[in-house]
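Asks: This is the structure I have questions about; it appears just below.
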Amino acid sequence: MAHLRSRRRLALAVPVVLSLTATLGFLPGAASAAPLRSAPAATAADGPNLAYVVNTKTDHRTLGSVKKAVVEAGGTVVVTYDKIGVIVAHSANPEFGSQIRAVRGVQSAGATRTTPLTAAGTTDEGAADFLSAAEAAKVKAAATPESEPLEADQWDLRAIGADKAAKINPGSRKVTVAVIDTGVDDTHPDLAPNFSAKQSANCVGGVADTSAGAWRPYTAEDYHGTHVAGEIAAARNGIGVAGVAPGVKVSGIKVSDPDNGLFYPESVVCAFVFAADHGVEITNNSYYVDPWLYNCMDDPDQKAIVDAVNRAQQYATKKGTLHLASAGNSNHDLASDAIVDESSPDDSTPVTRTIDPHECFDVPTQLPGVVTVSATGVQNLKSYYSTYGKGVIDIAAPGGDRLYQIPDTPSKNGRILSTMPNNQYGFLQGTSMASPHAAGVAALLKSEHPWASPAQLQALLKAQADNPGCPDSYDQDGNGTQDATCEGGKRVNGFYGFGIVNALKAVK
């Protein structure tokens, strides 16, 4: 399975991404209005069959001419998102990318993978730990009359006051959080009461499939999305666990490839557009877009990926959808000048490279307007794996820490307990788990302030957060060396952004 996880960015100090808007053509109308010319006709399809995103202006003339050029260059149009000027295409022409980039009206274009298409990435850290029947019985014995049967193991809810918040306002049925992920098992008894099928789909390949159950995980091993959904909105129904916002609705938009579990750009573009067009208020994004952990703007393929996904998320934002994303599990400092990336591309043979995070972007985490969430443990300290960075992290939330922050709960498990496919429960940790906690608090804020725009919601999220400030020392393993350096003050810093979310404050 790919990398589900957490990302970066800041609303007040949006870095190079925004300053490059004109150059990159982030906005659909940024291209020249000059006449179009077609690409040279492809003479042979003798290369690997790859998927591409082609980004253009949004007028019908340009879109029509570029689609014609795609065919002339040996490509096939899979789907066109007219409103944002993104065309998803397939081609076996090895020169397709360079040929289509030469077409007038094309602002950027590139391959979305480095290996051939087959018949059709996440940010959790480590394997899942399923709750056994014996362990569940032990947890249930510690339950109180007002809690869910397994809530004694949910230290994360108490850490942000979500248990108390639920008694004041559990969230509105008019608010939906879409889980863009590996699929959601809506038959789970803790999820079924709050699941919105009409706002769910399978977006794999770039075209939304809304047939019944298309949003469900392929197998029980594709548990990530189901776990995330439970953290957000598991119902308080006396069955198992509770979510941060147990009264809101949750939907599933599946984007993981069935063969390798990767989250390709065309699938994520589809997910953002689908969420926007189906009235979703909030999306949770506990992944990074494959195959590049960081997309560098001097590479035409990676630049096109940033452009396409950014157009889609901005389209959704303009329609009223707030996006939250995980910061990542590499313990990287996203405010540094250099990061060593040894994992990209993850769909073929990775090549070690050193990147500048101000010029090479984690998508969707570093896109403008996206709320970036770092992870904390039971001691309200940054989790050992969580990526961080001053001016990058917006807020923090419980993501778990199995090594250094152990709770006094029945299972003594520092990770996050939530729903799993086939009516099961299990522990996971990662910024993948932090982002949905923040998304749940955002849903509570949206319930309290139904007319709040995405920008206003983001401001409210930051205003209600509690910032513990930078720790005096961050030597987690006790070897005398600092494991990460926190920069900033009590109000805003690189570990927690504006602070750790607080569900009780959100409803008060």
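Residue numbers start at 1 in each chain; chains themselves are named A, B, ... in the order of the structure tokens; ligands are numbered from 1 in the order shown.
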Name the residues of stretch 32-261 of chain A that come out as strand (DSSP E) in a backbone DSSP run; write them as a ChimeraX atom specification.
Replies: /A:50-56,75-81,86-91,106-111,129-130,176-181,201-202,249-254
Asks: I need the alpha helix (DSSP H) residues of stretch 90-209 of chain A per DSSP on the backbone, written as a ChimeraX atom specification.
Replies: /A:96-101,133-141,155-159,162-168
Asks: Can you list, as JSON, numbers by chain, every protein, DNA or RNA residue that comes within 7 Å of A:Gly75 when you count only C-alpha atoms, leaving out same-chain residues fewer than 4 positions away?
Replies: {"A": [70, 71, 89, 90, 91]}
Asks: What's around A:Ile87 at 9 Å? Count only C-alpha atoms, leave out sequence neighbours fewer than 3 positions away in its own chain, and write the answer as an MDAnalysis selection string.
Replies: chainID A and resid 52:56 63 66:67 77:82 266 308
Asks: Return as CSV the residues of stretch 314-433 of chain A lying at most 10 Å from stretch 98-118 of chain A, together with the closest atom-to-atom pair for each and the distance in Å to one decimal, counting only C-alpha atoms, with rows in chain order and ascending residue number.
Replies:
residue,atom,partner,partner_atom,distance
A:Pro345,CA,A:Thr114,CA,7.2
A:Asp346,CA,A:Thr114,CA,8.7
A:Asp347,CA,A:Thr115,CA,6.4
A:Ser348,CA,A:Thr115,CA,6.1
A:Thr349,CA,A:Thr114,CA,9.0
Asks: Can you pull out every residue within 7 Å of stretch 269-282 of chain A, counting only C-alpha atoms, but drop anything in the same chain fewer than 5 positions away, and send it as number ranges by chain?
Replies: A: 175-178, 180, 199, 203, 206-208, 253, 308-309, 312-313, 316, 319-323
Asks: Between A:Pro410, A:Pro450, A:Pro48, A:Pro421, single out the one closest to A:Pro217, counting only C-alpha atoms.
Replies: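 Of A:Pro410, A:Pro450, A:Pro48, A:Pro421, the one nearest A:Pro217 is A:Pro421, counting only C-alpha atoms.
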Asks: Show me, as number ranges by chain, the residues that have an atom within 7 Å of A:Ala201 when counting only C-alpha atoms, minus same-chain residues fewer than 6 positions from it.
Replies: A: 208-210, 214-215, 252-254
